[in-house]
Amino acid sequence: MIDITKLKTFVAVADLGSFSKASEILYITQPAVTQQIKALEKMVGAKLFQRQSGRIVLTEEGKRIYALAKSLLKDYESLMEEMAKIKKDFKDTLFVGISTTLSEYKVPELLVEFHSQMPGISIKAFVENSQQIEEGLSSGVLNIGLIEREPSEKFRAVRWFYDEIVFFTHPSHPFAELGEINPEDLYSAELIFREVSSGTRRVVKEELERLGVIFERLKIKIEINCGRSILSMVKNGHGCSFLSRGILEKDLQEGNIVEVKIRGFNARRWYYIVFPEDSKTTFLANKFAKFLLSKALPSNTMAS
């Protein structure tokens, strides 16, 4: 009998071209991925993958099985949806990609609340930058993504909520006493930034360059792909940074950090709910998207 789990693993390896990437995004060990593929190959009676220029690719037999497996998995999702309409103890897994910033506030709480409404399901969340989430959606491994930039035109997407990026520092920093600075004052500051591929960094860079700041001249002392780590460093008196207001809200209220205005600076962006471009949206992804939209954050009202 065909095992849906093995087919999902097979399709993931084929789409990602890697056993290790498939294991990471499916939350199973690499040996488990290998074992599942070997079991499927034994059932088929042929090798399904081969190495080509350092990449895992499908054999001719694998290509034939892949096309049928992809179709079967789509039918399986349709079956699950129909069953969900009949039964209330629905069981399935939601694979969701969450951008790094969103994973650090609000979304974890929403995942817990959604699961409490559908306790029979499993949720596997993949936290990465927006680009890698789009890759996961393209491969069909992820059912839905939450990203912090406008997605590629090949994706179906809906705006979720509006976000503001804030410049902040420790209360003892000279900027804190000023309350507002000129863009060129940033050249004298020791800065902590998100990594190069970060959506937050991209938005800040574009806005500073609009104000005439030469980004390459800034003193970026530390780069890290975690907003909470940046917040912790600034709270402990090290430098200044830019992060989403949602991450900073509690510490701003408690006085652990201070917002500093930059004349003319206005860095805002939409967060998007994104769906795969080449397949029917799963029942769970649809339900999760509707849930998220019903919980749109208050900052949604900031959009003009």
# chains A, B, ... in the order shown; residues from 1 in each chain; ligands from 1

$ residues_around --residues "segment 38-52 of chain A" --least-positions-apart "3" --cutoff "10 Å" --atoms "only C-alpha atoms" --output "ChimeraX atom specification"
/A:1-3,6-7,9-10,13-14,17,32-35,55-66

$ write_last_selection --atoms "N, CA and C atoms" --output "short mmCIF file (atom, residue, chain, number, x, y, z; two decimals), in the first residue's frame"
data_model
loop_
_atom_site.label_atom_id
_atom_site.label_comp_id
_atom_site.auth_asym_id
_atom_site.auth_seq_id
_atom_site.Cartn_x
_atom_site.Cartn_y
_atom_site.Cartn_z
N MET A 1 0.84 -1.20 0.00
CA MET A 1 0.00 0.00 0.00
C MET A 1 0.88 1.25 0.00
N ILE A 2 0.51 2.26 -0.81
CA ILE A 2 1.30 3.49 -0.91
C ILE A 2 1.17 4.29 0.38
N ASP A 3 2.30 4.76 0.89
CA ASP A 3 2.36 5.56 2.10
C ASP A 3 2.45 7.04 1.70
N LYS A 6 5.68 8.84 2.67
CA LYS A 6 6.84 8.57 1.80
C LYS A 6 6.74 9.38 0.50
N LEU A 7 5.53 9.50 -0.03
CA LEU A 7 5.35 10.29 -1.25
C LEU A 7 5.67 11.76 -1.00
N THR A 9 7.73 12.94 1.22
CA THR A 9 9.19 13.03 1.36
C THR A 9 9.86 12.97 0.00
N PHE A 10 9.40 12.07 -0.85
CA PHE A 10 9.95 11.91 -2.20
C PHE A 10 9.81 13.21 -2.99
N VAL A 13 12.21 15.97 -1.65
CA VAL A 13 13.60 15.78 -2.09
C VAL A 13 13.73 16.19 -3.56
N ALA A 14 12.76 15.80 -4.38
CA ALA A 14 12.80 16.13 -5.80
C ALA A 14 12.74 17.64 -6.02
N GLY A 17 15.97 19.22 -4.30
CA GLY A 17 17.24 18.73 -4.83
C GLY A 17 18.24 18.39 -3.74
N ALA A 32 16.21 9.29 8.21
CA ALA A 32 14.80 8.92 8.02
C ALA A 32 14.36 9.22 6.59
N VAL A 33 14.83 10.34 6.05
CA VAL A 33 14.52 10.68 4.65
C VAL A 33 15.09 9.62 3.72
N THR A 34 16.36 9.28 3.95
CA THR A 34 17.02 8.25 3.14
C THR A 34 16.27 6.93 3.22
N GLN A 35 15.89 6.55 4.42
CA GLN A 35 15.18 5.28 4.62
C GLN A 35 13.84 5.27 3.88
N ARG A 55 24.32 17.72 -7.51
CA ARG A 55 22.93 17.91 -7.10
C ARG A 55 22.15 16.62 -7.26
N ILE A 56 21.17 16.42 -6.38
CA ILE A 56 20.30 15.25 -6.48
C ILE A 56 19.21 15.53 -7.51
N VAL A 57 19.12 14.70 -8.55
CA VAL A 57 18.08 14.87 -9.58
C VAL A 57 17.33 13.56 -9.78
N LEU A 58 16.17 13.65 -10.39
CA LEU A 58 15.35 12.47 -10.65
C LEU A 58 15.90 11.64 -11.80
N THR A 59 15.81 10.34 -11.67
CA THR A 59 16.10 9.45 -12.81
C THR A 59 14.89 9.48 -13.74
N GLU A 60 14.97 8.83 -14.87
CA GLU A 60 13.82 8.77 -15.78
C GLU A 60 12.63 8.11 -15.10
N GLU A 61 12.91 7.03 -14.34
CA GLU A 61 11.84 6.37 -13.60
C GLU A 61 11.28 7.30 -12.51
N GLY A 62 12.19 8.05 -11.89
CA GLY A 62 11.78 9.00 -10.85
C GLY A 62 10.87 10.08 -11.39
N LYS A 63 11.16 10.55 -12.62
CA LYS A 63 10.33 11.58 -13.23
C LYS A 63 8.91 11.08 -13.45
N ARG A 64 8.78 9.82 -13.85
CA ARG A 64 7.45 9.25 -14.08
C ARG A 64 6.67 9.14 -12.76
N ILE A 65 7.37 8.69 -11.71
CA ILE A 65 6.72 8.56 -10.41
C ILE A 65 6.40 9.94 -9.82
N TYR A 66 7.29 10.91 -10.04
CA TYR A 66 7.09 12.26 -9.51
C TYR A 66 5.80 12.88 -10.02
#

$ residues_around --residues "segment 208-225 of chain A" --least-positions-apart "3" --cutoff "6 Å" --atoms "only C-alpha atoms" --output "number ranges by chain"
A: 187, 190-195, 205

$ select_by_dssp --residues "segment 122-275 of chain A" --states "alpha helix (DSSP H)" --output "ChimeraX atom specification"
/A:130-139,174-178,199-210,227-235,245-254

$ atom_distance --atom1 "atom CA of Glu254 of chain A" --atom2 "atom CA of Lys295 of chain A"
25.6 Å

$ closest_residue --among "A:Phe95, A:Phe265, A:Phe168, A:Phe242" --to "Val127 of chain A" --atoms "only C-alpha atoms"
A:Phe95

$ select_by_dssp --residues "segment 77-265 of chain A" --states "strand (DSSP E or B)" --output "MDAnalysis selection string"
chainID A and resid 93:99 122:128 144:147 156:169 180:181 190:193 219:223 240:244 258:259 261:262

$ closest_residue --among "A:Phe126, A:Phe275, A:Phe19, A:Phe288" --to "Ser152 of chain A" --atoms "only C-alpha atoms"
A:Phe275

$ closest_residue --among "A:Ile147, A:Leu102, A:Val141, A:Ala267" --to "Phe167 of chain A" --atoms "only C-alpha atoms"
A:Ala267

$ residues_around --residues "Arg269 of chain A" --least-positions-apart "5" --cutoff "10 Å" --atoms "only C-alpha atoms" --output "VMD selection string"
chain A and resid 148 to 150 161 to 165 199 to 200 203 244 303

$ write_last_selection --atoms "N, CA and C atoms" --output "mmCIF file, in the first residue's frame"
data_model
loop_
_atom_site.group_PDB
_atom_site.id
_atom_site.type_symbol
_atom_site.label_atom_id
_atom_site.label_comp_id
_atom_site.auth_asym_id
_atom_site.auth_seq_id
_atom_site.Cartn_x
_atom_site.Cartn_y
_atom_site.Cartn_z
ATOM 1 N N GLU A 148 7.750 39.342 5.017
ATOM 2 C CA GLU A 148 7.832 40.767 5.325
ATOM 3 C C GLU A 148 8.262 41.598 4.130
ATOM 4 N N ARG A 149 7.820 41.200 2.955
ATOM 5 C CA ARG A 149 8.088 42.005 1.760
ATOM 6 C C ARG A 149 7.038 41.643 0.712
ATOM 7 N N GLU A 150 6.914 42.470 -0.313
ATOM 8 C CA GLU A 150 5.971 42.151 -1.383
ATOM 9 C C GLU A 150 6.475 40.917 -2.132
ATOM 10 N N PHE A 161 -0.960 42.899 7.532
ATOM 11 C CA PHE A 161 -0.982 44.108 8.358
ATOM 12 C C PHE A 161 0.240 44.967 8.079
ATOM 13 N N TYR A 162 0.135 46.206 8.495
ATOM 14 C CA TYR A 162 1.157 47.217 8.253
ATOM 15 C C TYR A 162 2.102 47.288 9.444
ATOM 16 N N ASP A 163 3.365 47.530 9.184
ATOM 17 C CA ASP A 163 4.377 47.491 10.226
ATOM 18 C C ASP A 163 5.266 48.732 10.145
ATOM 19 N N GLU A 164 5.704 49.215 11.290
ATOM 20 C CA GLU A 164 6.607 50.363 11.348
ATOM 21 C C GLU A 164 7.943 49.938 11.924
ATOM 22 N N ILE A 165 9.034 50.394 11.313
ATOM 23 C CA ILE A 165 10.373 50.091 11.807
ATOM 24 C C ILE A 165 10.886 51.292 12.592
ATOM 25 N N GLY A 199 14.544 41.363 5.355
ATOM 26 C CA GLY A 199 13.591 42.334 4.835
ATOM 27 C C GLY A 199 13.639 43.636 5.604
ATOM 28 N N THR A 200 13.839 43.547 6.922
ATOM 29 C CA THR A 200 13.949 44.745 7.761
ATOM 30 C C THR A 200 15.118 45.606 7.306
ATOM 31 N N VAL A 203 14.401 47.416 3.902
ATOM 32 C CA VAL A 203 13.510 48.568 4.023
ATOM 33 C C VAL A 203 14.249 49.762 4.633
ATOM 34 N N SER A 244 11.238 46.213 14.184
ATOM 35 C CA SER A 244 9.796 46.425 14.137
ATOM 36 C C SER A 244 9.276 46.885 15.500
ATOM 37 N N ALA A 303 -2.180 52.003 7.679
ATOM 38 C CA ALA A 303 -2.047 52.157 6.230
ATOM 39 C C ALA A 303 -2.934 53.278 5.725
#

$ closest_residue --among "A:Ser130, A:Asn143, A:Ser122, A:Thr93" --to "Asn286 of chain A" --atoms "only C-alpha atoms"
A:Asn143

$ atom_distance --atom1 "atom CA of Leu26 of chain A" --atom2 "atom CA of Ile4 of chain A"
13.4 Å
